[in-house]
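File shown: data.txt (compact mmCIF, C-alpha atoms).
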# COMPACT_ATOMS: atom_id res chain seq x y z
CA MET B 1 -100.31 -22.84 73.37
CA GLU B 2 -101.41 -20.61 76.21
CA ASN B 3 -98.03 -21.18 77.72
CA GLN B 4 -96.20 -20.23 74.58
CA ASN B 5 -98.30 -17.11 74.33
CA ASN B 6 -97.34 -16.17 77.83
CA ILE B 7 -93.70 -16.74 77.11
CA PHE B 8 -93.88 -14.59 74.02
CA ARG B 9 -95.72 -11.87 75.88
CA SER B 10 -93.51 -11.76 78.89
CA GLU B 11 -90.39 -11.53 76.76
CA ASN B 12 -92.16 -8.93 74.60
CA LYS B 13 -90.25 -10.09 71.56
CA ILE B 14 -92.82 -9.21 68.96
CA SER B 15 -91.74 -6.32 66.74
CA SER B 16 -94.05 -3.58 65.56
CA LEU B 17 -93.55 -4.83 61.99
CA VAL B 18 -95.03 -8.21 62.91
CA ILE B 19 -97.92 -6.48 64.70
CA LYS B 20 -98.63 -4.52 61.54
CA ARG B 21 -98.80 -7.73 59.49
CA LEU B 22 -101.18 -9.60 61.82
CA PRO B 23 -104.33 -7.62 60.89
CA LYS B 24 -103.54 -8.25 57.23
CA TYR B 25 -103.26 -12.00 57.80
CA TYR B 26 -106.47 -11.80 59.78
CA ARG B 27 -108.30 -10.03 56.96
CA ILE B 28 -107.10 -12.49 54.32
CA LEU B 29 -107.89 -15.53 56.45
CA THR B 30 -111.39 -14.16 57.12
CA GLU B 31 -111.91 -13.75 53.36
CA GLN B 32 -110.71 -17.30 52.70
CA GLN B 33 -112.96 -18.67 55.42
CA ALA B 34 -115.92 -16.79 53.91
CA LYS B 35 -115.15 -18.59 50.62
CA GLY B 36 -115.48 -21.91 52.45
CA GLU B 37 -111.77 -22.70 52.75
CA LEU B 38 -110.67 -24.66 55.83
CA LYS B 39 -106.90 -24.73 55.35
CA ILE B 40 -104.25 -22.51 53.82
CA SER B 41 -100.59 -23.09 53.06
CA SER B 42 -97.93 -20.54 53.96
CA SER B 43 -97.24 -20.03 50.25
CA GLN B 44 -100.92 -19.31 49.50
CA LEU B 45 -101.13 -16.89 52.39
CA ALA B 46 -97.86 -15.31 51.27
CA ARG B 47 -99.17 -14.75 47.75
CA LEU B 48 -102.40 -13.20 49.04
CA SER B 49 -100.64 -10.92 51.50
CA GLY B 50 -97.77 -9.87 49.25
CA THR B 51 -95.03 -11.39 51.38
CA THR B 52 -92.97 -14.60 51.33
CA ALA B 53 -93.80 -18.04 52.73
CA SER B 54 -90.70 -17.88 54.90
CA GLN B 55 -91.84 -14.54 56.34
CA ILE B 56 -95.20 -16.09 57.19
CA ARG B 57 -93.58 -19.09 58.88
CA GLN B 58 -91.21 -16.80 60.75
CA ASP B 59 -94.05 -14.55 61.95
CA PHE B 60 -96.18 -17.47 63.09
CA SER B 61 -93.28 -19.22 64.80
CA LEU B 62 -93.13 -16.25 67.18
CA PHE B 63 -96.30 -17.46 68.82
CA GLY B 64 -95.67 -21.14 68.69
CA GLY B 65 -96.10 -22.15 65.06
CA PHE B 66 -99.80 -22.86 64.50
CA GLY B 67 -99.23 -25.40 61.73
CA GLN B 68 -97.80 -28.73 60.70
CA GLN B 69 -95.25 -28.70 57.90
CA GLY B 70 -96.85 -29.88 54.67
CA PHE B 71 -100.42 -29.85 55.97
CA GLY B 72 -101.07 -26.11 55.85
CA TYR B 73 -102.66 -24.06 58.58
CA ASN B 74 -106.14 -24.61 59.94
CA ILE B 75 -107.82 -21.28 59.16
CA GLU B 76 -110.25 -21.25 62.06
CA PHE B 77 -107.54 -22.09 64.59
CA LEU B 78 -105.23 -19.47 63.09
CA LEU B 79 -107.94 -16.80 63.22
CA GLY B 80 -108.61 -17.65 66.85
CA GLU B 81 -104.94 -17.36 67.76
CA ILE B 82 -104.44 -14.05 65.95
CA LYS B 83 -107.61 -12.72 67.58
CA ARG B 84 -106.30 -13.71 70.99
CA ILE B 85 -102.87 -12.18 70.37
CA ILE B 86 -104.33 -8.90 69.10
CA GLY B 87 -106.90 -8.95 71.88
CA VAL B 88 -109.94 -8.50 69.63
CA ASP B 89 -112.16 -10.22 72.19
CA LYS B 90 -111.32 -7.59 74.81
CA GLN B 91 -113.82 -4.87 73.76
CA HIS B 92 -111.94 -1.87 75.09
CA LYS B 93 -114.33 1.01 75.70
CA ALA B 94 -113.69 3.91 73.32
CA ILE B 95 -114.98 7.41 72.62
CA LEU B 96 -114.77 9.51 69.48
CA VAL B 97 -114.00 13.22 69.50
CA GLY B 98 -115.08 15.34 66.52
CA VAL B 99 -118.27 14.29 64.76
CA GLY B 100 -117.67 15.92 61.37
CA ASN B 101 -117.85 13.91 58.16
CA LEU B 102 -114.86 11.77 59.08
CA GLY B 103 -116.19 11.11 62.59
CA LYS B 104 -119.60 10.23 61.14
CA ALA B 105 -118.00 7.95 58.56
CA LEU B 106 -116.18 6.07 61.32
CA ILE B 107 -119.28 5.79 63.53
CA HIS B 108 -121.37 4.48 60.63
CA HIS B 109 -118.93 2.23 58.85
CA MET B 110 -116.29 0.94 61.25
CA ASN B 111 -117.11 -2.32 62.88
CA PHE B 112 -115.51 -1.44 66.21
CA GLU B 113 -116.64 -4.62 67.96
CA ASN B 114 -114.84 -6.75 65.37
CA SER B 115 -111.64 -4.81 66.00
CA GLY B 116 -111.64 -5.08 69.78
CA PHE B 117 -113.40 -1.85 70.74
CA SER B 118 -116.81 -0.80 71.93
CA LEU B 119 -117.70 2.78 70.98
CA ILE B 120 -119.68 4.14 73.91
CA GLY B 121 -119.62 7.90 73.34
CA ALA B 122 -118.96 10.68 70.85
CA PHE B 123 -118.24 14.35 71.49
CA ASP B 124 -118.31 17.59 69.55
CA ASN B 125 -118.26 21.32 70.24
CA SER B 126 -120.94 22.27 67.73
CA GLU B 127 -124.42 23.05 69.05
CA ASP B 128 -125.80 21.81 65.71
CA ILE B 129 -124.94 18.21 66.51
CA ILE B 130 -124.84 18.00 70.33
CA ASP B 131 -127.73 15.85 71.65
CA LYS B 132 -128.37 14.46 68.16
CA THR B 133 -127.82 10.77 67.41
CA VAL B 134 -125.39 9.39 64.84
CA GLY B 135 -125.69 5.68 64.22
CA GLU B 136 -126.73 4.59 67.68
CA ILE B 137 -124.46 7.04 69.46
CA LYS B 138 -125.76 10.15 71.19
CA ILE B 139 -123.45 13.12 70.59
CA ARG B 140 -122.38 14.91 73.76
CA SER B 141 -120.76 18.28 74.39
CA ILE B 142 -116.97 18.24 74.48
CA ASP B 143 -117.28 19.90 77.92
CA GLU B 144 -118.45 16.55 79.29
CA VAL B 145 -115.61 14.46 77.90
CA LYS B 146 -113.40 14.43 81.01
CA SER B 147 -116.10 13.37 83.43
CA PHE B 148 -117.51 10.85 80.93
CA CYS B 149 -114.12 9.14 80.55
CA ARG B 150 -113.53 9.06 84.30
CA ILE B 151 -116.97 7.75 85.19
CA ASN B 152 -117.00 5.12 82.44
CA LYS B 153 -113.31 4.17 82.80
CA VAL B 154 -112.61 4.88 79.13
CA HIS B 155 -108.95 4.57 78.15
CA THR B 156 -109.26 4.86 74.36
CA ALA B 157 -110.12 7.88 72.21
CA ILE B 158 -110.49 8.41 68.49
CA ILE B 159 -109.28 11.87 67.53
CA CYS B 160 -111.11 13.32 64.50
CA ILE B 161 -110.48 17.02 65.13
CA PRO B 162 -107.99 19.46 63.61
CA SER B 163 -104.46 19.53 65.05
CA ASP B 164 -104.80 22.97 66.64
CA VAL B 165 -107.69 21.86 68.88
CA ALA B 166 -106.34 18.32 69.28
CA GLU B 167 -103.57 19.59 71.58
CA THR B 168 -106.01 20.86 74.24
CA VAL B 169 -108.40 17.92 73.93
CA VAL B 170 -105.64 15.31 74.15
CA GLU B 171 -104.29 17.00 77.28
CA GLU B 172 -107.74 16.77 78.91
CA LEU B 173 -108.14 13.17 77.85
CA TYR B 174 -104.69 12.23 79.11
CA GLU B 175 -105.52 13.80 82.48
CA SER B 176 -108.67 11.66 82.51
CA ASN B 177 -106.59 8.50 82.12
CA VAL B 178 -107.05 8.01 78.38
CA TYR B 179 -103.83 6.55 77.01
CA ASN B 180 -104.80 4.76 73.79
CA PHE B 181 -105.33 7.02 70.81
CA TRP B 182 -106.50 6.37 67.27
CA ASN B 183 -105.31 9.64 65.83
CA PHE B 184 -106.54 11.16 62.55
CA SER B 185 -105.08 14.60 63.30
CA ASP B 186 -101.55 15.82 62.57
CA TYR B 187 -100.94 16.49 66.27
CA ASN B 188 -98.04 14.35 67.47
CA ILE B 189 -99.51 12.69 70.56
CA LYS B 190 -96.68 10.20 71.10
CA MET B 191 -94.03 12.92 71.20
CA ASN B 192 -95.91 14.90 73.83
CA TYR B 193 -97.09 11.87 75.82
CA PRO B 194 -94.49 9.13 75.34
CA ASP B 195 -96.30 6.70 77.63
CA THR B 196 -99.40 6.54 75.41
CA ASN B 197 -100.28 3.99 72.71
CA VAL B 198 -100.94 5.78 69.44
CA GLU B 199 -101.98 4.59 66.01
CA THR B 200 -101.99 7.48 63.60
CA VAL B 201 -103.78 7.51 60.26
CA LYS B 202 -102.03 9.98 58.00
CA LEU B 203 -104.31 10.33 55.01
CA ARG B 204 -102.24 13.05 53.40
CA ASP B 205 -99.01 11.03 53.66
CA SER B 206 -100.77 8.17 51.88
CA LEU B 207 -102.08 10.47 49.14
CA MET B 208 -98.60 11.91 48.63
CA CYS B 209 -97.19 8.39 48.23
CA LEU B 210 -99.76 7.83 45.48
CA CYS B 211 -98.68 11.12 43.94
CA TYR B 212 -95.09 9.88 43.86
CA LEU B 213 -96.19 6.67 42.15
CA ALA B 214 -98.44 8.55 39.71
CA THR B 215 -95.60 10.91 38.85
CA ASN B 216 -92.67 8.52 38.67
CA GLU B 217 -93.89 5.05 37.70
CA MET S 1 -79.14 19.21 41.51
CA GLU S 2 -81.39 18.72 38.50
CA ASN S 3 -78.79 16.37 37.14
CA GLN S 4 -78.60 14.38 40.34
CA ASN S 5 -82.36 14.07 40.36
CA ASN S 6 -82.31 12.70 36.87
CA ILE S 7 -79.64 10.20 37.75
CA PHE S 8 -81.61 9.04 40.76
CA ARG S 9 -84.79 8.73 38.75
CA SER S 10 -83.34 6.91 35.81
CA GLU S 11 -81.68 4.37 38.08
CA ASN S 12 -84.93 4.11 40.03
CA LYS S 13 -83.04 3.30 43.21
CA ILE S 14 -85.50 4.77 45.66
CA SER S 15 -87.17 2.16 47.82
CA SER S 16 -90.81 2.24 48.86
CA LEU S 17 -89.70 2.70 52.47
CA VAL S 18 -87.97 5.96 51.56
CA ILE S 19 -91.04 7.07 49.61
CA LYS S 20 -93.16 6.45 52.69
CA ARG S 21 -90.87 8.65 54.80
CA LEU S 22 -90.81 11.62 52.42
CA PRO S 23 -94.37 12.85 53.15
CA LYS S 24 -93.57 12.68 56.87
CA TYR S 25 -90.44 14.82 56.40
CA TYR S 26 -92.51 17.15 54.26
CA ARG S 27 -95.16 17.51 56.97
CA ILE S 28 -92.64 18.18 59.72
CA LEU S 29 -90.68 20.67 57.63
CA THR S 30 -93.90 22.51 56.78
CA GLU S 31 -94.72 22.73 60.50
CA GLN S 32 -91.23 24.04 61.29
CA GLN S 33 -91.47 26.60 58.51
CA ALA S 34 -94.86 27.75 59.85
CA LYS S 35 -93.12 28.34 63.19
CA GLY S 36 -90.66 30.68 61.44
CA GLU S 37 -87.72 28.28 61.32
CA LEU S 38 -85.37 28.60 58.36
CA LYS S 39 -82.95 25.73 59.01
CA ILE S 40 -83.09 22.31 60.59
CA SER S 41 -80.36 19.83 61.53
CA SER S 42 -80.62 16.15 60.69
CA SER S 43 -80.76 15.35 64.41
CA GLN S 44 -83.68 17.77 64.98
CA LEU S 45 -85.56 16.35 62.00
CA ALA S 46 -84.77 12.83 63.23
CA ARG S 47 -86.20 13.58 66.66
CA LEU S 48 -89.38 15.09 65.21
CA SER S 49 -89.91 12.23 62.77
CA GLY S 50 -89.02 9.40 65.12
CA THR S 51 -86.03 8.17 63.17
CA THR S 52 -82.24 8.59 63.37
CA ALA S 53 -80.03 11.37 62.03
CA SER S 54 -78.10 8.83 60.00
CA GLN S 55 -81.34 7.58 58.43
CA ILE S 56 -82.22 11.16 57.48
CA ARG S 57 -78.79 11.75 55.94
CA GLN S 58 -78.97 8.45 54.09
CA ASP S 59 -82.46 9.22 52.74
CA PHE S 60 -81.48 12.69 51.58
CA SER S 61 -78.22 11.52 50.04
CA LEU S 62 -80.32 9.48 47.60
CA PHE S 63 -81.33 12.69 45.88
CA GLY S 64 -78.05 14.52 46.12
CA GLY S 65 -77.71 15.54 49.73
CA PHE S 66 -79.52 18.88 50.16
CA GLY S 67 -77.32 20.09 53.02
CA GLN S 68 -73.88 21.09 54.19
CA GLN S 69 -72.43 19.14 57.10
CA GLY S 70 -72.71 21.20 60.29
CA PHE S 71 -74.92 23.91 58.83
CA GLY S 72 -78.20 22.05 58.81
CA TYR S 73 -80.66 21.93 55.97
CA ASN S 74 -82.35 24.96 54.46
CA ILE S 75 -86.03 24.17 55.08
CA GLU S 76 -87.46 26.00 52.08
CA PHE S 77 -85.00 24.38 49.70
CA LEU S 78 -85.64 20.95 51.21
CA LEU S 79 -89.40 21.37 50.91
CA GLY S 80 -89.01 22.37 47.27
CA GLU S 81 -86.88 19.31 46.52
CA ILE S 82 -89.22 16.86 48.27
CA LYS S 83 -92.17 18.47 46.46
CA ARG S 84 -90.42 18.01 43.15
CA ILE S 85 -89.48 14.39 43.87
CA ILE S 86 -93.01 13.47 44.98
CA GLY S 87 -94.46 15.45 42.10
CA VAL S 88 -96.83 17.55 44.21
CA ASP S 89 -96.78 20.31 41.60
CA LYS S 90 -98.18 17.95 38.94
CA GLN S 91 -101.91 18.20 39.83
CA HIS S 92 -102.99 14.82 38.51
CA LYS S 93 -106.71 14.86 37.74
CA ALA S 94 -108.67 12.58 40.08
CA ILE S 95 -112.22 11.41 40.65
CA LEU S 96 -113.86 9.98 43.75
CA VAL S 97 -116.27 7.05 43.70
CA GLY S 98 -118.72 6.61 46.59
CA VAL S 99 -120.00 9.79 48.23
CA GLY S 100 -121.01 8.36 51.61
CA ASN S 101 -119.69 9.84 54.84
CA LEU S 102 -116.12 8.85 54.09
CA GLY S 103 -116.30 10.22 50.54
CA LYS S 104 -117.82 13.45 51.86
CA ALA S 105 -115.15 13.71 54.55
CA LEU S 106 -112.43 13.41 51.92
CA ILE S 107 -114.08 15.95 49.58
CA HIS S 108 -114.49 18.47 52.41
CA HIS S 109 -111.29 18.01 54.36
CA MET S 110 -108.53 16.72 52.09
CA ASN S 111 -106.44 19.40 50.49
CA PHE S 112 -105.98 17.52 47.23
CA GLU S 113 -104.15 20.36 45.49
CA ASN S 114 -101.47 20.35 48.20
CA SER S 115 -100.95 16.63 47.67
CA GLY S 116 -100.57 16.72 43.90
CA PHE S 117 -104.12 16.04 42.79
CA SER S 118 -107.02 18.00 41.43
CA LEU S 119 -110.41 16.47 42.27
CA ILE S 120 -112.58 17.09 39.21
CA GLY S 121 -115.50 14.69 39.73
CA ALA S 122 -117.36 12.47 42.20
CA PHE S 123 -119.72 9.60 41.49
CA ASP S 124 -122.35 7.63 43.36
CA ASN S 125 -125.19 5.25 42.59
CA SER S 126 -127.74 6.78 44.98
CA GLU S 127 -130.47 8.96 43.47
CA ASP S 128 -130.51 10.88 46.77
CA ILE S 129 -127.15 12.47 46.10
CA ILE S 130 -126.76 12.46 42.30
CA ASP S 131 -126.85 16.02 40.90
CA LYS S 132 -126.33 17.47 44.38
CA THR S 133 -123.15 19.38 45.23
CA VAL S 134 -120.65 18.40 47.93
CA GLY S 135 -117.99 20.99 48.63
CA GLU S 136 -117.66 22.42 45.14
CA ILE S 137 -118.05 19.07 43.41
CA LYS S 138 -121.21 18.09 41.55
CA ILE S 139 -122.06 14.43 42.20
CA ARG S 140 -122.66 12.43 39.03
CA SER S 141 -124.22 9.03 38.41
CA ILE S 142 -121.80 6.11 38.47
CA ASP S 143 -123.14 5.25 35.02
CA GLU S 144 -121.22 8.24 33.65
CA VAL S 145 -117.86 7.37 35.21
CA LYS S 146 -116.33 5.60 32.20
CA SER S 147 -117.12 8.32 29.68
CA PHE S 148 -116.13 11.04 32.18
CA CYS S 149 -112.70 9.49 32.73
CA ARG S 150 -112.10 9.01 29.01
CA ILE S 151 -113.22 12.50 27.98
CA ASN S 152 -111.30 14.22 30.80
CA LYS S 153 -108.23 11.96 30.61
CA VAL S 154 -108.49 11.03 34.30
CA HIS S 155 -105.99 8.40 35.44
CA THR S 156 -106.58 8.53 39.21
CA ALA S 157 -109.56 7.34 41.25
CA ILE S 158 -110.38 7.37 44.96
CA ILE S 159 -112.33 4.26 45.91
CA CYS S 160 -114.73 4.83 48.82
CA ILE S 161 -117.19 2.01 48.15
CA PRO S 162 -117.58 -1.44 49.71
CA SER S 163 -115.35 -4.25 48.41
CA ASP S 164 -118.17 -6.17 46.74
CA VAL S 165 -119.03 -3.28 44.42
CA ALA S 166 -115.43 -2.10 44.14
CA GLU S 167 -114.56 -5.09 41.95
CA THR S 168 -116.96 -4.04 39.16
CA VAL S 169 -116.20 -0.33 39.41
CA VAL S 170 -112.43 -0.84 39.36
CA GLU S 171 -112.76 -3.03 36.26
CA GLU S 172 -114.68 -0.24 34.51
CA LEU S 173 -112.18 2.37 35.62
CA TYR S 174 -109.22 0.25 34.52
CA GLU S 175 -110.82 -0.16 31.09
CA SER S 176 -111.14 3.62 30.97
CA ASN S 177 -107.39 4.01 31.50
CA VAL S 178 -107.46 4.76 35.23
CA TYR S 179 -104.37 3.19 36.75
CA ASN S 180 -103.72 5.14 39.97
CA PHE S 181 -105.96 4.19 42.88
CA TRP S 182 -106.33 5.57 46.39
CA ASN S 183 -108.17 2.61 47.81
CA PHE S 184 -110.28 2.70 50.99
CA SER S 185 -111.98 -0.63 50.25
CA ASP S 186 -110.74 -4.12 51.09
CA TYR S 187 -110.73 -5.09 47.42
CA ASN S 188 -107.19 -6.01 46.40
CA ILE S 189 -106.71 -3.89 43.27
CA LYS S 190 -102.97 -4.52 42.91
CA MET S 191 -103.40 -8.29 42.87
CA ASN S 192 -106.00 -8.15 40.13
CA TYR S 193 -104.32 -5.37 38.14
CA PRO S 194 -100.58 -5.65 38.79
CA ASP S 195 -99.72 -2.77 36.46
CA THR S 196 -101.64 -0.21 38.55
CA ASN S 197 -100.33 2.13 41.27
CA VAL S 198 -102.29 1.60 44.46
CA GLU S 199 -102.14 3.22 47.87
CA THR S 200 -104.50 1.46 50.23
CA VAL S 201 -105.81 2.89 53.49
CA LYS S 202 -106.71 0.02 55.78
CA LEU S 203 -108.55 1.63 58.66
CA ARG S 204 -109.43 -1.67 60.29
CA ASP S 205 -105.81 -2.88 60.23
CA SER S 206 -104.79 0.32 61.98
CA LEU S 207 -107.52 -0.06 64.61
CA MET S 208 -106.46 -3.66 65.24
CA CYS S 209 -102.86 -2.53 65.77
CA LEU S 210 -104.16 -0.13 68.41
CA CYS S 211 -106.11 -3.00 69.94
CA TYR S 212 -102.89 -5.01 70.21
CA LEU S 213 -101.16 -2.09 71.93
CA ALA S 214 -104.14 -1.46 74.22
CA THR S 215 -104.22 -5.14 75.16
CA ASN S 216 -100.53 -5.89 75.52
CA GLU S 217 -98.67 -2.74 76.50

Representation of the structure as structure tokens:
Amino acid sequence: MENQNNIFRSENKISSLVIKRLPKYYRILTEQQAKGELKISSSQLARLSGTTASQIRQDFSLFGGFGQQGFGYNIEFLLGEIKRIIGVDKQHKAILVGVGNLGKALIHHMNFENSGFSLIGAFDNSEDIIDKTVGEIKIRSIDEVKSFCRINKVHTAIICIPSDVAETVVEELYESNVYNFWNFSDYNIKMNYPDTNVETVKLRDSLMCLCYLATNE
Amino acid sequence: MENQNNIFRSENKISSLVIKRLPKYYRILTEQQAKGELKISSSQLARLSGTTASQIRQDFSLFGGFGQQGFGYNIEFLLGEIKRIIGVDKQHKAILVGVGNLGKALIHHMNFENSGFSLIGAFDNSEDIIDKTVGEIKIRSIDEVKSFCRINKVHTAIICIPSDVAETVVEELYESNVYNFWNFSDYNIKMNYPDTNVETVKLRDSLMCLCYLATNE
């Protein structure tokens, strides 16, 4: 299996669409496991994830299969494999910039460890919050962010600040060797720094999609 | 143009992938307009939105074109058309359930009016926040949510509560004729109520995608 993983990785065949489906499979499998289930068929998993059994089999075949035809998949094994592929056990060090309500919500409610990250710092420019503690994180001045990232070898940042300030902050972070961004701002990081990894959460785009559905369906 | 819109709507040809791209076009066009631009070519828009010029032309042809070959698109006209298709001018009444940090972040920072919604109420079960005001919204007890939705003819709810309580609340809302959901919980509304419109924001899925990129690229 390790071998097959290596083959898949070195050929880099996995498409971003498959990547986007893996966390969903992971979530559903975790829920099934919590209900005491040990196995799941591709058709069950397909129904729960809103896709087709053949899509599931195709996705899983990319990393070597994971199941025996007719016997279903072993949930624990599958979870372990998906975890390994995503790299959830890696605990990449991350910082958060912008401790407003959204930043606070993420610090309090995101289980970073379960998603492969360890949140080790948070930064803001407001005197009202600097040196205070949110969750278990001490809030530092944004002036310290460059040195903090360099000293602690942080390569991941969560951007919870408005787009107009994001431009300057991202430039500083990039210069400090931060190249993974979880971006909640409208600032287009990938366009300005094509060699970065960016996952953008566009809340307004999502709300507008709901508006379309509410209006037209 | 009106006619073409009607044709497109009655045939209901528009795929969910196109719907998902429209808010992105809208965002980019708004940015260009703010910079003083009046026109944009399909290749410029393609570059800014990370797609191809032929994709742009294909998407826009679904609703009657919007441009003259070689002259580019008139930004203001295009924005107006996308607005009309999404239904941003409709101002659907919405409520928010769960005024924790995430709920507060949405109340403070989302421009609901610009996305086609008018937030008219927010609900929580904590005595600490009931009757307080967040932004300009008075927080009400969750016990009032059913009557509030019925009296005010609210059909849209924003779900910012954990999955285990979401199940009960969504059932109550559905019985009160709420059928549009902006869902931040892991509870699968669409599976349990297939006749609803649901846009789900899966923050953990997004973070796990970043983890994959951080680990593998």

Nearest residue to B:Val97 from the set B:Ile159, B:Met110, B:Val134, B:Met208 (distances using only C-alpha atoms):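 Residue with the minimum atom-to-atom distance to B:Val97: B:Ile159.
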
Against chain B, which residues of chain S fall within 6 Å? For each one I want the closest pair of atoms and the distance in Å (one decimal), counting all atoms listed in the file, rows by chain and increasing residue number, as a Markdown table.
| residue | atom | partner | partner_atom | distance |
| --- | --- | --- | --- | --- |
| S:Pro23 | CA | B:Asp205 | CA | 5.0 |
| S:Ile86 | CA | B:Tyr212 | CA | 4.3 |
| S:Gly87 | CA | B:Thr215 | CA | 5.7 |
| S:Asn101 | CA | B:Ala105 | CA | 4.5 |
| S:Leu102 | CA | B:Ala105 | CA | 4.9 |
| S:Ala105 | CA | B:Asn101 | CA | 4.5 |
| S:Ser115 | CA | B:Met208 | CA | 5.4 |
| S:Gly116 | CA | B:Cys211 | CA | 5.9 |
| S:Glu199 | CA | B:Leu210 | CA | 5.7 |
| S:Asp205 | CA | B:Pro23 | CA | 5.0 |
| S:Met208 | CA | B:Ser115 | CA | 5.4 |
| S:Leu210 | CA | B:Glu199 | CA | 5.7 |
| S:Cys211 | CA | B:Gly116 | CA | 5.9 |
| S:Tyr212 | CA | B:Ile86 | CA | 4.3 |
| S:Thr215 | CA | B:Gly87 | CA | 5.7 |

As an exercise, work out the distance from atom CA of S:Glu37 to atom CA of S:Leu17 in Å and give it to one decimal place.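 Atom-to-atom, atom CA of S:Glu37 and atom CA of S:Leu17 are spaced 27.1 Å apart.
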
Between B:Asn192, B:Ser54, B:Thr30, B:Ser176, which one has atoms that come closest to B:Phe148, using all atoms listed in the file? B:Ser176

Using atom CA of S:Val178 and atom CA of S:Val154 as the two end points, give the distance in Å to one decimal.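 Those two atoms sit 6.4 Å apart.
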
What does the distance between atom CA of B:Ile75 and atom CA of S:Ser185 come to in Å, to one decimal place?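 For atom CA of B:Ile75 relative to atom CA of S:Ser185, the distance reads 22.9 Å.
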
For B:Lys39, work out the shell of residues within 9 Å, counting all atoms listed in the file and skipping chain neighbours fewer than 2 positions away, then give it as a list in words. Gln32, Gln33, Glu37, Ser41, Phe71, Gly72, Tyr73, Asn74, Ile75 and Glu76 of chain B

Distance criterion (all atoms listed in the file): nearest to B:Thr51 out of B:Val165, B:Leu38, B:Ile95, B:Val18: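 Among B:Val165, B:Leu38, B:Ile95, B:Val18, it is B:Val18 that comes nearest to B:Thr51.
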
Test item: axis-aligned box, all listed atoms of stretch 20-36 of chain S, 3 Å on each side, centre and edges in Å rounded to one decimal, as JSON:
{"center_x": -92.8, "center_y": 18.6, "center_z": 57.8, "size_x": 10.7, "size_y": 30.2, "size_z": 16.8}

Using all atoms listed in the file, which of B:Ile189, B:Ile139, B:Ala34, B:Ala53 sits nearest B:Gly121?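 Counting all atoms listed in the file, the residue closest to B:Gly121 is B:Ile139.
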
Please identify all polymer residues within 10 Å of S:Asp143, counting all atoms listed in the file, omitting same-chain residues fewer than 5 positions from it, and present them as number ranges by chain. S: 123-125, 148, 169
